[in-house]
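One structure is given below, encoded as C-alpha cells.
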Amino acid sequence: MEKFDKLSGIAAPLPLVNIDTDMIIPKQFLKTIKRSGLGVNLFDEMRYDRDGNEMPDFVLNKPAYREAQVLVTGENFGCGSSREHAPWALADFGIKAIISTSFADIFYNNCFKNGILPIVLPQEQVDVLMSDAEKGANARMEIDLEAQTVTTSDGEVFGFEVDPHRKHCLINGLDDIGLTLEKAAAIDSFEARAAAERPWV
Amino acid sequence: MSPKTLYDKIWDAHLAHEAEDGTCLIYIDRHLVHEVTSPQAFEGLRMAGRTVRAPDKTIAVPDHNVPTTEGRENPEAMTEDSRIQVAALDKNARDFGVHYYPVSDVRQGIVHIVGPEQGWTLPGMTVVCGDSHTATHGAFGALAHGIGTSEVEHVLATQTLIQRKGKNMKVEITGKLRPGVTAKDITLSVIGETGTAGGTGYVIEYCGEAIRDLSMEGRMTVCNMAIEGGARAGLIAPDETTFEYIKGRPHTPKAGQWEQAMEWWKTLHSDDDADWDKVVTIRGEDIAPVVTWGTSPEDVLPINESVPAPESFSGGKVEAARRALDYMGLTPGQKLTDIEIDTVFIGSCTNGRIEDLRAAAEMVKGKKIAVKRAMVVPGSGLVRAQAEEEGLADIFKAAGFEWRLAGCSMCLAMNPDQLAPGERCASTSNRNFEGRQGYKGRTHLMSPAMAAAAAVTGHLTDIRDLA
C-alpha cells in the first residue's frame, strides 16, 4: 500500500450531504476484476453527460480542481454499498485525503486500505475548509498525518483524531494481512478453543 | 459479571486477539462471497501465494450480474464483462475449494437469501460478506456486516477481521403494528427517525413486541436495512421463531449438537440492566405504510402525506432535498398517492423471500397490472420453486407480471434489468440513490404489498384504502 505522511495539495469543495458510493462509482464500473483504472469513471454520472462529454459545472471538471488531491465534502460521505471500487476510483484519480463531518463506516474503513486518509472534523471547521477549498488552485491545503493536523491556505490549523493502528499502517504503508499472519498462533488457539465449545460452527 | 448486550456477548465469544492499543482480531464463522467484490481478493491471495484458511466456512454464489431471464445458462445472455466476473467466481470457488452454488444450481440466489435458507447462518455467529446488506443475517442473532474487498482478502487468508468495537444502540418497537403495516415499514420508519447517519459507529439491536411478532422473513427485512441507517450491523435476539426456522436446514446442527447449540443460543440476549449508548423507541401503533419520495432512504413519509418542500429541512439537507425533487421530477405539496408509476420491481435481499411474494400476490390476485411493466424476481431458486408450488407464480403471471429467475436484478441493475432515464419505479429494494436502478431512473422504496398495490392501480397507493 502507498504510504501517507504529509500532503500539500489542492482541495476540491463538494458540499453535498449523503454522497453515496453509487455516486462515487456507478455499478456499471464494478464489473472489473482489477483494482486499477477506475479514476476516469469517478463520479461518472455527475461528471459526464450521457454521451461521455464532461459537464463543465462539476467541480473536478473545472480547471482549478483537475489536479485536486483533497475533497472537502458534506456529511455522511461514502454511504451505501461496501464497494471498495469507491476508494479505488478516488485513489486512481489522485485523491489522497477526504474531509467531512462524518463518513459511512465501511467506506471509512476501506479508505485506510488504499492509502486514503479520511478526516473527521466538526461542522464549523469543515465550513472553514470548504471556503478555503472554494478559493481554487492557488489555495493549497496541508495535511500532516504524523502531527494530525490540517492547515488552510491562510495558515489556520485544525487537529484531527485518527486510530493509532490505522495511522501506523498508513504512515508505513503496511499490509494488514501480513501483520495479522504474525498472530497466527493466537488464531490457531482461538480456533481450537471454539471448535471444542461450539463444534457445530 | 457486568451486564452485557447481545452484541457484547457475540463480540467476546469471537475475540481471538487484542493488542495493547485496543485493536482486536475477531474470528469469522461464515464468509459469504459473490462475484462482484471478490475477484481482486482471490487475485491478491494468488499473488501472495496464500490459501483460503477455512474453505469450509466460505460460501460463494453469483448473484449481482446474473440475468434473471430464461436461458441464462447460455453465456451469450450476459455482457462480456459480467461473463468474465461470473467465470472468475466459478474458477476461484473451484481452485480454492469453497462451497459453491453456481447459476445452474436450483439453490442459487441472492447471497443473503441463500445463506439463511441453507442453514449457514446461525445464532451467535460472526458473518461477513463483501456486501453491505450482510446486515440481513443479524435477524438470527448473528453479528453480520459488510466489508470491503481488502477485508474479503483478509478474511480469506486469516479467517479474522481487524476491528474496533462499535457502540450499542437499542431500537425498540413497542406494541402491535396496525393492519397493512409490515417489517419494511418498520425499518424505513426507523431510518426516517434516525437519518441515514444515525447509526454510524453503532450496532443496532432491534427489540420490542412488534419485532418479536415478526416472522424470520420480516426480521431479515428489518436487519437488512440497518446499513441504510448507517449501522454496519443490526441484531435481533434469537427466540423460538428463530429456532423453528433454522431447524432441519441442510447446514444446521443435527441431533446431539443441536441440544448443545440450543443451550448456548438461549443465552444470546441482552441482559436486562445492560448499558446502551443510544436508545430509540417507536410505538408500533404510530407506524404507517410508508414510501420514499427522494434519493436517500431517510426521505421517507407515510403514504397519505405529500411531497415536502426543501425549505422544511435545515442545513445541508435543504440543498439535498432540492436536488432530490429535481431528480425525482416531483413538486412540493403533490400528494404521494397521486404519483404515477411506470414499473414495479418485487424482489431483492430486502424483500425477495416467500412471505414477501405471498403478500404481493394477495394484492394482485384476480387483478391486472396498470403499469408499463412489473416483475417479480424471487430471491433464490428455492423461493421461486416454492412460490410456483403455492400457486403464487400463476397469480403474478395472470396479472401481467414477468416471473423471473433468482438474482439481485433491478435492485442495483448490474444485470440487464434496468430503468430507463425518467422511468419511475415502485420497488421493494433498499436504495433509492440517484442512478441506482438505472441511469436517471426514479425509485420509490416500499413494502411488497404496497408495490403490488401500485402495480394494479398505476400510482402509489395506500393499501389501507384497498382493504
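Each chain in the C-alpha cells gets a letter, A, B and so on, in the order shown; residues start at 1 in every chain, and ligands are counted from 1 in the order they appear.
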Give me the segment 30-118 of chain A side of the contact with segment 162-169 of chain A, cut-off 12 Å, one line per residue showing its nearest atom pair and distance in Å at one decimal, counting only C-alpha atoms, sorted by chain and residue number, as a tab-separated table.
residue	atom	partner	partner_atom	distance
A:Tyr108	CA	A:Arg166	CA	11.0
A:Asn109	CA	A:Arg166	CA	9.2
A:Asn110	CA	A:Arg166	CA	11.1
A:Cys111	CA	A:Arg166	CA	10.3
A:Phe112	CA	A:Arg166	CA	6.8
A:Lys113	CA	A:Cys169	CA	8.8
A:Asn114	CA	A:Cys169	CA	10.6
A:Gly115	CA	A:Cys169	CA	9.1
A:Ile116	CA	A:Arg166	CA	10.9
A:Leu117	CA	A:Lys167	CA	8.9
A:Pro118	CA	A:Val162	CA	9.0
- Check: which chain A residues lie within 9 Å of chain B using only C-alpha atoms, as a PyMOL selection string: chain A and resi 15-18+20+22-23+26-28+30-35+45+50+74-76+79-85+102-107+109-110+113-114+164-165+176-177+180-181+183-184+186-191+194+198-201
- Taking into account only C-alpha atoms, which residue in the set B:Thr457, B:Thr174, B:Asp299, B:Asp12 is nearest to Cys24 of chain B?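 Counting only C-alpha atoms, the residue closest to Cys24 of chain B is B:Asp12.
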- Task: Give me every strand (DSSP E or B) residue in segment 311-364 of chain B, going by DSSP on the backbone, as a PyMOL selection string.
- Result: chain B and resi 335+340+343-346
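Reported to one decimal place, the separation of atom CA of Ala93 of chain B from atom CA of Arg72 of chain B is 20.0 Å.
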- Determine, counting only C-alpha atoms, which protein, DNA and RNA residues have an atom within 7 Å of an atom of segment 205-212 of chain B; residues of the same chain fewer than 5 positions away are not included. Present the result as a list in words.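 Near segment 205-212 of chain B, the qualifying residues are Met169, Lys170, Val171, Glu172, Ile173, Thr174, Gly175, Lys176, Leu177, Gly234, Leu235, Ile236 and Gly284 of chain B.
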What's the 7 Å shell around Gly39 of chain A, counting only C-alpha atoms, without same-chain residues fewer than 3 positions away, as an mmCIF file with N, CA and C atoms, in the first residue's frame?
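This is the output file part-v1.cif:
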data_model
loop_
_atom_site.group_PDB
_atom_site.id
_atom_site.type_symbol
_atom_site.label_atom_id
_atom_site.label_comp_id
_atom_site.auth_asym_id
_atom_site.auth_seq_id
_atom_site.Cartn_x
_atom_site.Cartn_y
_atom_site.Cartn_z
ATOM 1 N N LEU A 42 -14.653 8.072 -11.894
ATOM 2 C CA LEU A 42 -15.015 8.625 -10.584
ATOM 3 C C LEU A 42 -16.140 9.652 -10.767
ATOM 4 N N ALA A 89 -11.408 4.154 -7.067
ATOM 5 C CA ALA A 89 -11.617 5.205 -8.067
ATOM 6 C C ALA A 89 -11.057 6.534 -7.574
ATOM 7 N N LEU A 90 -11.293 6.843 -6.304
ATOM 8 C CA LEU A 90 -10.775 8.092 -5.733
ATOM 9 C C LEU A 90 -9.245 8.109 -5.785
ATOM 10 N N ASP A 92 -7.267 6.351 -7.676
ATOM 11 C CA ASP A 92 -6.785 6.336 -9.052
ATOM 12 C C ASP A 92 -6.867 7.736 -9.677
ATOM 13 N N PHE A 93 -7.872 8.499 -9.261
ATOM 14 C CA PHE A 93 -7.989 9.884 -9.731
ATOM 15 C C PHE A 93 -6.870 10.746 -9.148
#
- A:Leu14, A:Glu182, A:Phe158, A:Asp144: which is nearest Asp57 of chain A, counting only C-alpha atoms?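 Nearest to Asp57 of chain A: A:Leu14.
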- Return the single residue from A:Ile19, A:Ile10, A:Val40, A:Val72 that is closest to Gln123 of chain A, with distances computed using only C-alpha atoms. A:Val72
- Message: Taking only segment 332-368 of chain B into account, list the residues labelled alpha helix (DSSP H) by DSSP (computed from the backbone), as JSON, numbers by chain.
- Response: {"B": [348, 349, 350, 351, 354, 355, 356, 357, 358, 359, 360, 361, 362, 363, 364]}
- Distance of atom CA of Ala11 of chain A from atom CA of Glu161 of chain A, expressed in Å to one decimal place: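 Atom CA of Ala11 of chain A lies 19.7 Å from atom CA of Glu161 of chain A.
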